[in-house]
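Text of the file final07.cif, holding mmCIF, C-alpha atoms:
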data_input
loop_
_atom_site.label_atom_id
_atom_site.label_comp_id
_atom_site.auth_asym_id
_atom_site.auth_seq_id
_atom_site.Cartn_x
_atom_site.Cartn_y
_atom_site.Cartn_z
CA MET A 119 60.73 100.53 113.68
CA LYS A 120 58.28 102.41 111.49
CA SER A 121 59.17 104.50 108.50
CA ILE A 122 57.91 108.06 108.24
CA LEU A 123 55.05 106.77 106.10
CA GLY A 124 54.01 104.52 108.97
CA THR A 125 54.93 101.27 107.21
CA ILE A 126 57.77 98.95 108.19
CA LEU A 127 59.75 98.47 104.99
CA LEU A 128 63.53 98.33 105.22
CA THR A 129 66.22 99.14 107.78
CA LEU A 130 69.80 99.90 106.75
CA ALA A 131 72.87 100.19 108.97
CA ILE A 132 75.29 102.98 108.14
CA ALA A 133 78.70 103.72 109.64
CA ALA A 134 79.22 106.16 112.50
CA GLY A 135 76.03 105.07 114.25
CA PHE A 136 73.62 105.97 111.46
CA THR A 137 70.39 104.03 110.97
CA ALA A 138 68.05 104.66 108.06
CA THR A 139 64.51 103.52 107.42
CA VAL A 140 63.75 103.66 103.71
CA THR A 141 60.43 103.73 101.90
CA LEU A 142 60.04 102.58 98.35
CA PRO A 143 59.74 105.61 96.03
CA ALA A 144 56.82 106.28 93.74
CA HIS A 145 57.24 106.85 90.01
CA ALA A 146 58.84 110.25 89.46
CA LEU A 147 57.38 112.62 86.91
CA VAL A 148 60.06 115.19 87.64
CA GLU A 149 63.57 114.03 86.74
CA ILE A 150 66.88 115.26 85.34
CA ASP A 151 68.52 113.69 82.29
CA ILE A 152 72.18 114.24 83.12
CA ASN A 153 73.28 112.55 79.90
CA LYS A 154 72.32 115.68 77.97
CA GLY A 155 75.19 118.02 77.12
CA ASN A 156 73.73 121.09 78.84
CA VAL A 157 71.21 120.56 81.62
CA ALA A 158 69.12 123.46 82.91
CA PRO A 159 69.19 123.35 86.75
CA LEU A 160 65.97 122.02 88.27
CA PRO A 161 64.17 124.54 90.52
CA ILE A 162 63.84 122.91 93.95
CA ALA A 163 62.58 124.26 97.27
CA VAL A 164 64.38 123.06 100.40
CA THR A 165 62.48 124.17 103.49
CA ASP A 166 64.05 124.60 106.91
CA PHE A 167 63.57 121.33 108.76
CA LEU A 168 61.45 121.77 111.86
CA SER A 169 63.46 121.52 115.08
CA GLY A 170 63.71 123.11 118.48
CA ASP A 171 66.98 124.87 117.63
CA GLN A 172 69.08 125.76 114.58
CA THR A 173 69.93 122.14 113.74
CA GLY A 174 67.05 121.75 111.30
CA ALA A 175 67.97 124.90 109.39
CA GLU A 176 71.64 123.88 109.33
CA ILE A 177 70.85 120.45 107.86
CA SER A 178 68.54 121.87 105.20
CA GLY A 179 71.21 124.47 104.38
CA ILE A 180 73.77 121.71 103.81
CA ILE A 181 71.31 119.88 101.53
CA ALA A 182 70.59 122.99 99.48
CA ALA A 183 74.27 123.86 99.17
CA ASP A 184 75.19 120.35 98.00
CA LEU A 185 72.45 120.32 95.38
CA LYS A 186 73.32 123.80 94.12
CA ARG A 187 77.03 123.01 93.90
CA SER A 188 76.26 120.04 91.62
CA GLY A 189 75.02 122.47 88.99
CA LEU A 190 71.94 120.32 88.40
CA PHE A 191 69.64 122.04 90.91
CA ALA A 192 68.63 125.63 91.56
CA PRO A 193 67.42 126.00 95.17
CA ILE A 194 64.72 128.68 95.37
CA ASP A 195 65.21 131.65 97.72
CA LYS A 196 63.25 130.95 100.92
CA ALA A 197 61.90 134.52 100.82
CA ALA A 198 59.78 133.42 97.84
CA PHE A 199 58.05 130.59 99.74
CA VAL A 200 54.28 131.02 99.99
CA GLU A 201 53.49 128.14 102.36
CA LYS A 202 55.17 127.87 105.75
CA VAL A 203 55.41 124.13 106.39
CA SER A 204 54.35 123.40 109.95
CA ASN A 205 53.84 119.64 109.73
CA PRO A 206 56.06 117.62 107.36
CA ASP A 207 53.82 114.57 107.85
CA VAL A 208 51.03 116.33 105.95
CA ALA A 209 51.05 116.82 102.18
CA PRO A 210 52.03 120.38 101.29
CA ARG A 211 49.75 122.80 99.43
CA PHE A 212 51.14 121.97 96.01
CA GLU A 213 49.60 125.03 94.34
CA ASP A 214 51.67 127.27 96.62
CA TRP A 215 54.84 125.62 95.38
CA LYS A 216 53.85 125.47 91.71
CA VAL A 217 53.25 129.21 91.68
CA ILE A 218 56.97 129.79 92.45
CA ASN A 219 57.96 127.06 89.93
CA ALA A 220 59.33 124.69 92.57
CA GLN A 221 59.31 121.47 90.59
CA ALA A 222 60.53 119.51 93.61
CA LEU A 223 60.09 120.19 97.32
CA VAL A 224 62.01 118.94 100.36
CA THR A 225 60.46 119.05 103.83
CA GLY A 226 61.65 117.54 107.09
CA ARG A 227 61.99 117.47 110.85
CA VAL A 228 64.84 116.97 113.33
CA THR A 229 64.21 115.79 116.90
CA LYS A 230 66.50 114.81 119.74
CA GLN A 231 65.99 111.28 121.05
CA PRO A 232 66.14 110.25 124.74
CA ASP A 233 69.53 108.62 124.12
CA GLY A 234 70.93 111.92 122.81
CA ARG A 235 70.92 111.00 119.14
CA LEU A 236 69.32 113.11 116.44
CA ARG A 237 66.43 111.77 114.41
CA ALA A 238 66.20 113.44 110.99
CA GLU A 239 63.22 112.81 108.71
CA PHE A 240 62.73 114.14 105.22
CA ARG A 241 60.30 113.87 102.33
CA LEU A 242 60.86 114.67 98.67
CA TRP A 243 57.77 115.79 96.76
CA ASP A 244 56.98 116.17 93.06
CA THR A 245 54.92 119.35 93.27
CA PHE A 246 53.42 119.25 89.78
CA ALA A 247 52.41 115.58 90.07
CA GLY A 248 51.26 116.16 93.64
CA GLN A 249 52.96 113.07 95.05
CA GLN A 250 55.74 112.02 97.37
CA LEU A 251 58.80 110.56 95.68
CA ILE A 252 60.70 109.32 98.71
CA GLY A 253 60.68 109.56 102.50
CA GLU A 254 63.40 108.47 104.92
CA GLN A 255 64.60 108.92 108.47
CA TYR A 256 68.09 108.79 109.95
CA PHE A 257 69.51 108.53 113.45
CA ALA A 258 72.95 109.91 114.23
CA ASN A 259 75.08 111.41 116.96
CA PRO A 260 74.94 115.24 116.92
CA ALA A 261 78.62 115.28 115.89
CA ASN A 262 77.59 113.70 112.59
CA MET A 263 74.97 116.33 111.81
CA ARG A 264 76.66 117.41 108.59
CA ARG A 265 76.72 113.83 107.35
CA ILE A 266 72.93 113.69 107.69
CA GLY A 267 72.65 116.63 105.30
CA HIS A 268 75.07 115.07 102.81
CA ILE A 269 73.30 111.69 102.91
CA ILE A 270 69.89 113.29 102.33
CA ALA A 271 71.32 115.34 99.44
CA ASP A 272 72.69 112.11 97.95
CA LYS A 273 69.27 110.48 98.17
CA ILE A 274 67.60 113.45 96.47
CA TYR A 275 70.27 113.54 93.76
CA GLU A 276 69.86 109.81 93.10
CA ARG A 277 66.06 109.92 93.07
CA LEU A 278 65.91 112.78 90.58
CA THR A 279 68.85 111.86 88.31
CA GLY A 280 68.99 108.07 88.50
CA GLU A 281 72.70 108.31 89.40
CA LYS A 282 74.41 107.81 92.75
CA GLY A 283 75.23 111.00 94.62
CA TYR A 284 78.70 111.99 95.78
CA PHE A 285 78.12 114.40 98.67
CA ASP A 286 78.77 112.01 101.58
CA THR A 287 82.45 111.78 100.73
CA ARG A 288 85.78 113.21 101.80
CA VAL A 289 88.86 114.53 100.05
CA VAL A 290 92.45 114.10 101.15
CA PHE A 291 94.95 116.64 99.83
CA ILE A 292 98.18 118.50 100.51
CA ASP A 293 97.71 121.69 102.54
CA GLU A 294 100.42 124.24 101.75
CA SER A 295 101.16 127.22 104.01
CA GLY A 296 104.01 129.64 104.57
CA PRO A 297 106.18 131.65 102.15
CA LYS A 298 106.87 130.21 98.71
CA ASN A 299 110.54 129.51 99.46
CA LYS A 300 109.70 127.79 102.76
CA ARG A 301 106.36 126.12 102.11
CA VAL A 302 105.06 123.72 104.79
CA LYS A 303 103.12 120.79 103.33
CA ARG A 304 100.73 118.83 105.51
CA LEU A 305 98.47 115.92 104.73
CA ALA A 306 94.87 117.09 105.28
CA ILE A 307 91.37 115.67 104.93
CA MET A 308 87.99 117.40 104.70
CA ASP A 309 84.42 116.84 103.56
CA GLN A 310 83.94 117.29 99.83
CA ASP A 311 82.50 120.77 100.45
CA GLY A 312 85.54 121.94 102.47
CA ALA A 313 84.04 121.47 105.94
CA ASN A 314 85.45 119.44 108.85
CA LEU A 315 89.08 119.89 107.88
CA ARG A 316 91.69 118.12 109.96
CA TYR A 317 95.39 117.44 109.52
CA LEU A 318 96.88 113.97 109.23
CA SER A 319 100.54 115.01 109.40
CA ASN A 320 102.43 117.66 111.36
CA GLY A 321 104.33 119.35 108.54
CA ARG A 322 107.79 118.42 109.80
CA ALA A 323 108.40 116.15 106.79
CA LEU A 324 107.53 116.67 103.14
CA VAL A 325 104.44 114.69 102.10
CA LEU A 326 103.15 114.24 98.55
CA THR A 327 100.42 112.71 96.39
CA PRO A 328 97.92 110.99 98.70
CA ARG A 329 95.69 108.34 97.08
CA PHE A 330 92.46 106.84 98.44
CA SER A 331 91.68 103.16 98.55
CA PRO A 332 88.66 102.41 96.33
CA ASN A 333 86.83 100.45 99.01
CA ARG A 334 88.16 101.53 102.41
CA GLN A 335 88.84 104.74 104.30
CA GLU A 336 92.54 104.19 103.77
CA ILE A 337 95.14 106.16 101.84
CA THR A 338 98.64 105.79 100.52
CA TYR A 339 100.97 108.76 100.48
CA MET A 340 104.65 109.50 100.04
CA SER A 341 106.77 110.97 102.85
CA TYR A 342 110.36 112.18 102.98
CA GLU A 343 110.65 112.02 106.78
CA SER A 344 113.68 109.71 106.51
CA GLY A 345 115.28 111.79 103.78
CA GLN A 346 114.27 109.20 101.17
CA PRO A 347 110.83 108.70 99.60
CA GLN A 348 108.83 106.21 101.64
CA VAL A 349 105.29 105.07 100.93
CA TYR A 350 102.86 104.62 103.82
CA LEU A 351 99.39 103.19 104.28
CA LEU A 352 97.26 105.23 106.67
CA GLN A 353 93.92 104.19 108.18
CA ILE A 354 91.89 107.40 108.33
CA GLU A 355 89.68 106.47 111.28
CA THR A 356 92.25 104.83 113.55
CA GLY A 357 95.38 106.73 112.51
CA GLN A 358 97.23 103.43 112.20
CA ARG A 359 100.16 103.82 109.81
CA GLU A 360 102.11 101.12 108.01
CA LEU A 361 105.27 101.43 105.93
CA VAL A 362 104.84 99.92 102.47
CA GLY A 363 108.47 100.35 101.48
CA ASN A 364 111.35 102.61 100.47
CA PHE A 365 111.31 103.61 96.82
CA PRO A 366 114.22 105.96 95.96
CA GLY A 367 113.14 106.24 92.32
CA MET A 368 109.50 107.10 93.00
CA THR A 369 108.02 110.53 92.28
CA PHE A 370 104.31 109.82 92.93
CA ALA A 371 102.60 107.66 95.53
CA PRO A 372 101.12 104.40 94.24
CA ARG A 373 97.47 103.99 93.30
CA PHE A 374 95.36 101.13 94.60
CA SER A 375 93.94 98.34 92.49
CA PRO A 376 90.11 98.22 92.50
CA ASP A 377 90.08 95.40 95.08
CA GLY A 378 92.50 97.30 97.33
CA GLN A 379 94.89 94.33 97.47
CA ARG A 380 97.63 95.77 95.26
CA VAL A 381 99.20 99.11 94.44
CA ILE A 382 100.64 100.20 91.13
CA MET A 383 103.54 102.61 90.77
CA SER A 384 106.33 103.85 88.51
CA LEU A 385 109.92 103.42 89.67
CA LEU A 386 113.02 105.10 88.24
CA ARG A 387 115.91 102.72 87.73
CA ASN A 388 119.65 103.38 87.35
CA ASP A 389 119.37 103.49 83.56
CA GLY A 390 117.33 106.71 83.84
CA ASN A 391 114.11 105.10 82.67
CA SER A 392 111.02 104.62 84.80
CA ASN A 393 108.78 101.61 84.44
CA ILE A 394 105.47 100.41 85.85
CA PHE A 395 105.39 97.94 88.74
CA THR A 396 102.66 96.43 90.91
CA MET A 397 103.05 95.39 94.54
CA ASP A 398 100.93 92.86 96.40
CA LEU A 399 100.19 94.51 99.77
CA ARG A 400 100.07 91.19 101.61
CA SER A 401 103.26 89.56 100.33
CA ARG A 402 105.07 92.82 99.38
CA THR A 403 106.19 91.16 96.15
CA THR A 404 106.58 93.39 93.10
CA THR A 405 105.86 92.58 89.46
CA ARG A 406 107.28 94.62 86.57
CA LEU A 407 104.77 95.44 83.82
CA THR A 408 106.72 97.64 81.38
CA SER A 409 110.32 97.32 80.15
CA ASP A 410 110.64 100.14 77.67
CA ASP A 411 113.58 102.48 77.06
CA SER A 412 111.42 105.47 77.99
CA ILE A 413 109.71 107.12 80.90
CA ASP A 414 106.52 105.22 81.81
CA THR A 415 104.66 106.79 84.71
CA SER A 416 101.32 107.76 86.32
CA PRO A 417 99.56 104.37 86.12
CA SER A 418 95.87 104.01 87.01
CA TYR A 419 93.64 100.92 86.97
CA SER A 420 90.31 100.61 85.20
CA PRO A 421 87.46 100.02 87.70
CA ASP A 422 87.22 96.33 86.74
CA GLY A 423 90.96 95.88 87.29
CA LYS A 424 91.49 94.44 83.81
CA GLN A 425 93.34 97.38 82.24
CA ILE A 426 95.80 100.11 83.19
CA THR A 427 96.30 103.55 81.72
CA PHE A 428 99.64 105.34 82.00
CA THR A 429 101.78 107.94 80.26
CA SER A 430 104.93 107.33 78.27
CA ASP A 431 107.24 109.38 76.07
CA ARG A 432 108.11 106.32 73.96
CA GLY A 433 106.19 107.59 70.93
CA GLY A 434 105.52 111.23 71.63
CA GLY A 435 108.84 112.79 70.71
CA SER A 436 111.38 114.31 73.09
CA GLY A 437 109.69 114.88 76.44
CA ARG A 438 106.20 114.68 74.91
CA SER A 439 104.42 112.04 76.90
CA GLN A 440 101.19 110.53 75.60
CA ILE A 441 98.53 108.31 77.15
CA TYR A 442 98.72 104.55 76.77
CA VAL A 443 96.57 101.62 77.85
CA MET A 444 97.63 98.03 78.58
CA ASN A 445 96.17 94.90 80.08
CA ALA A 446 96.65 94.39 83.82
CA ASP A 447 99.43 91.84 83.15
CA GLY A 448 101.37 94.33 81.00
CA SER A 449 100.33 92.89 77.61
CA ASN A 450 98.81 94.80 74.69
CA GLN A 451 100.47 98.15 75.39
CA HIS A 452 99.08 100.69 72.94
CA ARG A 453 98.85 104.45 72.57
CA ILE A 454 95.43 106.11 72.70
CA SER A 455 96.20 109.88 72.64
CA PHE A 456 97.52 111.62 69.54
CA GLY A 457 96.87 115.30 70.23
CA ASN A 458 99.38 118.12 70.34
CA GLY A 459 100.89 118.83 73.73
CA VAL A 460 102.12 116.83 76.71
CA TYR A 461 99.70 114.49 78.49
CA SER A 462 100.04 113.45 82.13
CA THR A 463 98.20 112.05 85.20
CA PRO A 464 95.59 109.89 83.42
CA VAL A 465 92.93 108.58 85.82
CA TRP A 466 90.28 106.05 84.88
CA SER A 467 86.69 107.02 85.69
CA PRO A 468 84.92 104.86 88.32
CA ARG A 469 82.19 104.38 85.69
CA GLY A 470 84.76 102.88 83.33
CA ASP A 471 83.76 105.03 80.37
CA LEU A 472 86.31 107.87 80.42
CA ILE A 473 89.91 108.70 81.27
CA ALA A 474 90.65 112.12 82.78
CA PHE A 475 94.03 113.72 82.17
CA THR A 476 96.20 116.80 82.45
CA LYS A 477 97.44 118.32 79.19
CA GLN A 478 100.05 121.01 78.68
CA THR A 479 99.88 122.95 75.43
CA GLY A 480 100.14 126.52 74.22
CA GLY A 481 101.63 127.72 77.50
CA GLU A 482 98.62 126.51 79.51
CA PHE A 483 97.57 123.47 81.48
CA GLN A 484 94.24 121.82 80.73
CA ILE A 485 92.01 119.27 82.40
CA GLY A 486 90.21 117.02 79.95
CA VAL A 487 88.57 113.65 79.37
CA MET A 488 88.60 111.10 76.55
CA HIS A 489 87.01 107.75 75.88
CA THR A 490 89.09 104.74 76.83
CA ASP A 491 90.06 104.17 73.19
CA GLY A 492 91.30 107.77 72.91
CA SER A 493 88.34 109.08 70.95
CA GLY A 494 86.15 112.03 71.90
CA GLU A 495 88.82 114.11 73.65
CA ARG A 496 87.23 117.12 75.39
CA ILE A 497 88.98 119.88 77.30
CA LEU A 498 86.91 120.94 80.31
CA THR A 499 89.01 123.83 81.64
CA SER A 500 92.30 125.67 80.98
CA ALA A 501 94.48 127.88 83.17
CA PHE A 502 98.05 128.94 83.89
CA GLN A 503 98.45 125.77 85.96
CA GLU A 504 95.91 122.97 86.39
CA GLU A 505 96.86 119.44 87.38
CA GLY A 506 95.97 116.27 89.22
CA PRO A 507 92.37 115.33 88.35
CA THR A 508 90.54 112.99 90.72
CA TRP A 509 87.06 111.55 90.17
CA ALA A 510 84.02 111.78 92.40
CA PRO A 511 82.80 108.22 93.09
CA ASN A 512 79.86 108.59 90.69
CA GLY A 513 82.15 109.55 87.78
CA ARG A 514 80.27 112.80 87.04
CA VAL A 515 82.56 115.40 88.67
CA LEU A 516 86.32 116.00 88.76
CA MET A 517 88.41 117.78 91.36
CA PHE A 518 91.86 119.19 90.58
CA PHE A 519 94.21 121.94 91.72
CA SER A 520 94.53 125.20 89.83
CA ARG A 521 96.75 128.28 90.03
CA ALA A 522 96.15 131.51 88.13
CA ALA A 523 99.06 133.42 86.58
CA GLY A 524 100.75 135.51 89.27
CA ALA A 525 98.97 133.72 92.13
CA PRO A 526 101.27 132.61 94.99
CA GLY A 527 99.72 129.15 95.26
CA ALA A 528 97.10 126.69 94.03
CA LYS A 529 93.54 126.05 95.20
CA LEU A 530 91.20 123.10 94.72
CA HIS A 531 88.48 123.27 92.08
CA THR A 532 85.68 121.01 90.88
CA ILE A 533 84.11 120.79 87.44
CA ASP A 534 81.42 118.53 86.00
CA LEU A 535 81.61 116.69 82.71
CA THR A 536 79.85 119.49 80.85
CA GLY A 537 82.73 121.84 81.67
CA ARG A 538 80.20 124.51 82.66
CA ASN A 539 80.21 124.27 86.44
CA GLU A 540 83.70 125.02 87.74
CA GLN A 541 83.87 125.98 91.41
CA GLU A 542 86.59 126.61 93.95
CA ILE A 543 86.50 124.47 97.10
CA PRO A 544 87.35 126.52 100.20
CA THR A 545 90.54 125.58 102.04
CA PRO A 546 92.37 127.60 104.72
CA HIS A 547 95.64 127.68 102.77
CA PHE A 548 96.91 126.74 99.35
CA ALA A 549 96.04 123.19 98.34
CA SER A 550 97.16 120.57 95.81
CA ASP A 551 97.09 116.85 94.97
CA PRO A 552 93.46 116.06 95.87
CA ALA A 553 92.16 112.50 96.07
CA TRP A 554 88.41 111.82 96.37
CA SER A 555 87.18 109.10 98.72
CA PRO A 556 84.57 106.47 97.93
CA LEU A 557 81.12 107.04 99.45
CA LEU A 558 81.23 106.74 103.22
CA GLU A 559 79.37 103.82 104.77
#
Please re-express this file's structure in C-alpha cells.
Amino acid sequence: MKSILGTILLTLAIAAGFTATVTLPAHALVEIDINKGNVAPLPIAVTDFLSGDQTGAEISGIIAADLKRSGLFAPIDKAAFVEKVSNPDVAPRFEDWKVINAQALVTGRVTKQPDGRLRAEFRLWDTFAGQQLIGEQYFANPANMRRIGHIIADKIYERLTGEKGYFDTRVVFIDESGPKNKRVKRLAIMDQDGANLRYLSNGRALVLTPRFSPNRQEITYMSYESGQPQVYLLQIETGQRELVGNFPGMTFAPRFSPDGQRVIMSLLRNDGNSNIFTMDLRSRTTTRLTSDDSIDTSPSYSPDGKQITFTSDRGGGSGRSQIYVMNADGSNQHRISFGNGVYSTPVWSPRGDLIAFTKQTGGEFQIGVMHTDGSGERILTSAFQEEGPTWAPNGRVLMFFSRAAGAPGAKLHTIDLTGRNEQEIPTPHFASDPAWSPLLE
C-alpha cells in the first residue's frame, strides 16, 4: 500500500476498521510552545476536503472545530481563502496562503472505495517554509466518519505542539433530566465534543460517579438498583456488565489503578470513619491502606502506580478536608495542601506532574491544580458550583461540571491549564460527574 507521497513507509492498524499509512514528517518551522503561560492561537487554514458529497466538508469541519476548541489554533474563515484547492496532491500556492496569514494549511480528499469504506487523505503544510509537514491516509467505515476527523486533528495537534492530541476520545457522564425533585439520572457516553451521545443505563435506578479504565474502554460506576450501592464493571463496546461487589459505606465509585488490575475506593465503617481500600479485580481481595480516626476519601493513583492522592479531614480542622499523598502500600502519608477552604476530588494528571482538585472557599467552588508536592497551587476557574475534574489523556485539559447561581442544573465544561479557555460542552440535558477516556485505538 502506498502512502499519499507515493512511498511505502509504515502501516498502522487502528480499532473499528481503521488503517493508516503514515509518512515521516519534515522539520517544522511553524510550531506552538504550549509550555508558555499564554499562547496566541496559531492561524491555520483548513480547506474543505475534496469529495463527491458533503463528507469531505464535514470531516474538515470536525478538524477545524477540534483545533479551535483547544484554544491553540485559530481556523481562518473560508471566505478569506484566495486559492481554491482542486488537487491536494499538488503543492498549494503558498503566497496565496501567506497573504491571509495562514501559518499552517490543511488540505485533503475523501473517496469511497469499492468495498464501501471511506479513504481519507490529508496533508499539513507549513506555508511560510513552503513545505509539507505530514501526510497520511485513513480507511474507515462511513459510520466512523467523525473519528477520521478527530484522528486527523490529533495528528495536526501533535505535529505542531509536540504533545499528543486528545480529540479521538470519549466522555462518560451522568445525564440528568426531569424536574429537580424527581431527577432521572442515566449513564451516558459521547465523543469529547458532545457528538454521538448514547445511553448506557435506562434511568430506572440511580447511577453515580462513572470512572474510565486507563487502558481499556471499560468503566466502573455505582448503581442503587438493588437499594444498596453496588459497583459494576461495564465493557463499553460489548455492553457486558460485571458486579464488583456491594459496598454499603461507599459514596463514590472506585478508580482504576494505572494497570487496570485493581480499583481503589473509600469505605465508611461502623465507627463513622471512612478509610482507603484497594481491591484486586481478579481475586476480589481487599487491602486497607489507611486506618485513621478521620474521613479519608477520593483516592486517585499517580500514573506510575507508585503513589496515591486522597483527601482527609485529619489535619484540616472540623470538616475541612485537605489533600494528602501516600505510597501505594499506604506508607508515608503526608499532607500537601495548606490553603484556606475545603479541598476535595483530587485527581492525578496522566503526565504525573500535577494534581487537579475541587476547592470550596468564600461561598464558591473552584477548580484548580497544584504540583504533586503541594506547591504552585493555581485556581483555573470559580463559580457557584464546580466539581469533579477529570483529565484529558494528554494532561493539558480538564473537564468538570459547573452550575451557575440560580441555574436548575449543571453542565459540562472544559478548561486548559492556562485557565483562559473555558468552554461548555453541549449535552441534551443537565450533566455531571464526567470521566474522560484514554485515546481510542
So which residues get picked by the PyMOL selection byres ((chain A and resi 539-554) around 6) here, written as an MDAnalysis selection string? chainID A and resid 289:295 312 327 329 506 508 510 519 527:534 537:538 555
Non-local contacts of region 200-207 of chain A (9 Å; only C-alpha atoms; under 6 positions in same chain excluded) as a PDB file with C-alpha atoms, keeping the file's coordinate frame:
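Output saved as selection.pdb:
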ATOM      1  CA  ILE A 122      57.910 108.060 108.240  1.00  0.00           C
ATOM      2  CA  LEU A 123      55.050 106.770 106.100  1.00  0.00           C
ATOM      3  CA  THR A 165      62.480 124.170 103.490  1.00  0.00           C
ATOM      4  CA  ASP A 166      64.050 124.600 106.910  1.00  0.00           C
ATOM      5  CA  PHE A 167      63.570 121.330 108.760  1.00  0.00           C
ATOM      6  CA  LEU A 168      61.450 121.770 111.860  1.00  0.00           C
ATOM      7  CA  ASP A 214      51.670 127.270  96.620  1.00  0.00           C
ATOM      8  CA  TRP A 215      54.840 125.620  95.380  1.00  0.00           C
ATOM      9  CA  VAL A 217      53.250 129.210  91.680  1.00  0.00           C
ATOM     10  CA  ILE A 218      56.970 129.790  92.450  1.00  0.00           C
ATOM     11  CA  THR A 225      60.460 119.050 103.830  1.00  0.00           C
ATOM     12  CA  GLY A 226      61.650 117.540 107.090  1.00  0.00           C
ATOM     13  CA  ARG A 227      61.990 117.470 110.850  1.00  0.00           C
ATOM     14  CA  GLU A 239      63.220 112.810 108.710  1.00  0.00           C
ATOM     15  CA  PHE A 240      62.730 114.140 105.220  1.00  0.00           C
ATOM     16  CA  ARG A 241      60.300 113.870 102.330  1.00  0.00           C
TER      17      ARG A 241
END
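The shortest atom-to-atom distance to Gln358 (chain A), with only C-alpha atoms taken into account, belongs to A:Gln335 out of A:Gln335, A:Gln425, A:Gln379, A:Gln440.
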Given the PyMOL selection byres ((chain A and resi 459) around 8) and the file above, list the residues it selects as an NGL selection string. :A and (438 or 457-458 or 460-461 or 477-480)
Which residues are near region 386-402 of chain A? Cut-off 12 Å, only C-alpha atoms, ignore same chain within fewer than 4 positions. Put them as number ranges by chain. A: 338, 349-351, 360-370, 372-375, 377-382, 406-419, 426-432, 444, 446-448, 451
Restricted to C-alpha atoms, what would the selected residues look like written as a PDB file, in the frame of the given file?
ATOM      1  CA  THR A 338      98.640 105.790 100.520  1.00  0.00           C
ATOM      2  CA  VAL A 349     105.290 105.070 100.930  1.00  0.00           C
ATOM      3  CA  TYR A 350     102.860 104.620 103.820  1.00  0.00           C
ATOM      4  CA  LEU A 351      99.390 103.190 104.280  1.00  0.00           C
ATOM      5  CA  GLU A 360     102.110 101.120 108.010  1.00  0.00           C
ATOM      6  CA  LEU A 361     105.270 101.430 105.930  1.00  0.00           C
ATOM      7  CA  VAL A 362     104.840  99.920 102.470  1.00  0.00           C
ATOM      8  CA  GLY A 363     108.470 100.350 101.480  1.00  0.00           C
ATOM      9  CA  ASN A 364     111.350 102.610 100.470  1.00  0.00           C
ATOM     10  CA  PHE A 365     111.310 103.610  96.820  1.00  0.00           C
ATOM     11  CA  PRO A 366     114.220 105.960  95.960  1.00  0.00           C
ATOM     12  CA  GLY A 367     113.140 106.240  92.320  1.00  0.00           C
ATOM     13  CA  MET A 368     109.500 107.100  93.000  1.00  0.00           C
ATOM     14  CA  THR A 369     108.020 110.530  92.280  1.00  0.00           C
ATOM     15  CA  PHE A 370     104.310 109.820  92.930  1.00  0.00           C
ATOM     16  CA  PRO A 372     101.120 104.400  94.240  1.00  0.00           C
ATOM     17  CA  ARG A 373      97.470 103.990  93.300  1.00  0.00           C
ATOM     18  CA  PHE A 374      95.360 101.130  94.600  1.00  0.00           C
ATOM     19  CA  SER A 375      93.940  98.340  92.490  1.00  0.00           C
ATOM     20  CA  ASP A 377      90.080  95.400  95.080  1.00  0.00           C
ATOM     21  CA  GLY A 378      92.500  97.300  97.330  1.00  0.00           C
ATOM     22  CA  GLN A 379      94.890  94.330  97.470  1.00  0.00           C
ATOM     23  CA  ARG A 380      97.630  95.770  95.260  1.00  0.00           C
ATOM     24  CA  VAL A 381      99.200  99.110  94.440  1.00  0.00           C
ATOM     25  CA  ILE A 382     100.640 100.200  91.130  1.00  0.00           C
ATOM     26  CA  ARG A 406     107.280  94.620  86.570  1.00  0.00           C
ATOM     27  CA  LEU A 407     104.770  95.440  83.820  1.00  0.00           C
ATOM     28  CA  THR A 408     106.720  97.640  81.380  1.00  0.00           C
ATOM     29  CA  SER A 409     110.320  97.320  80.150  1.00  0.00           C
ATOM     30  CA  ASP A 410     110.640 100.140  77.670  1.00  0.00           C
ATOM     31  CA  ASP A 411     113.580 102.480  77.060  1.00  0.00           C
ATOM     32  CA  SER A 412     111.420 105.470  77.990  1.00  0.00           C
ATOM     33  CA  ILE A 413     109.710 107.120  80.900  1.00  0.00           C
ATOM     34  CA  ASP A 414     106.520 105.220  81.810  1.00  0.00           C
ATOM     35  CA  THR A 415     104.660 106.790  84.710  1.00  0.00           C
ATOM     36  CA  SER A 416     101.320 107.760  86.320  1.00  0.00           C
ATOM     37  CA  PRO A 417      99.560 104.370  86.120  1.00  0.00           C
ATOM     38  CA  SER A 418      95.870 104.010  87.010  1.00  0.00           C
ATOM     39  CA  TYR A 419      93.640 100.920  86.970  1.00  0.00           C
ATOM     40  CA  ILE A 426      95.800 100.110  83.190  1.00  0.00           C
ATOM     41  CA  THR A 427      96.300 103.550  81.720  1.00  0.00           C
ATOM     42  CA  PHE A 428      99.640 105.340  82.000  1.00  0.00           C
ATOM     43  CA  THR A 429     101.780 107.940  80.260  1.00  0.00           C
ATOM     44  CA  SER A 430     104.930 107.330  78.270  1.00  0.00           C
ATOM     45  CA  ASP A 431     107.240 109.380  76.070  1.00  0.00           C
ATOM     46  CA  ARG A 432     108.110 106.320  73.960  1.00  0.00           C
ATOM     47  CA  MET A 444      97.630  98.030  78.580  1.00  0.00           C
ATOM     48  CA  ALA A 446      96.650  94.390  83.820  1.00  0.00           C
ATOM     49  CA  ASP A 447      99.430  91.840  83.150  1.00  0.00           C
ATOM     50  CA  GLY A 448     101.370  94.330  81.000  1.00  0.00           C
ATOM     51  CA  GLN A 451     100.470  98.150  75.390  1.00  0.00           C
TER      52      GLN A 451
END
Check what the PyMOL selection byres ((chain A and resi 181-191) around 7) selects in the file above and give those residues as a short mmCIF file (atom, residue, chain, number, x, y, z; two decimals) with C-alpha atoms, in the coordinates of the input.
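Writing done, so here's out-v3.cif:
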data_model
loop_
_atom_site.label_atom_id
_atom_site.label_comp_id
_atom_site.auth_asym_id
_atom_site.auth_seq_id
_atom_site.Cartn_x
_atom_site.Cartn_y
_atom_site.Cartn_z
CA VAL A 157 71.21 120.56 81.62
CA ALA A 158 69.12 123.46 82.91
CA PRO A 159 69.19 123.35 86.75
CA LEU A 160 65.97 122.02 88.27
CA PRO A 161 64.17 124.54 90.52
CA ILE A 162 63.84 122.91 93.95
CA VAL A 164 64.38 123.06 100.40
CA ILE A 177 70.85 120.45 107.86
CA SER A 178 68.54 121.87 105.20
CA GLY A 179 71.21 124.47 104.38
CA ILE A 180 73.77 121.71 103.81
CA ALA A 192 68.63 125.63 91.56
CA PRO A 193 67.42 126.00 95.17
CA GLY A 267 72.65 116.63 105.30
CA HIS A 268 75.07 115.07 102.81
CA ILE A 270 69.89 113.29 102.33
CA ALA A 271 71.32 115.34 99.44
CA PHE A 285 78.12 114.40 98.67
CA ASN A 539 80.21 124.27 86.44
#
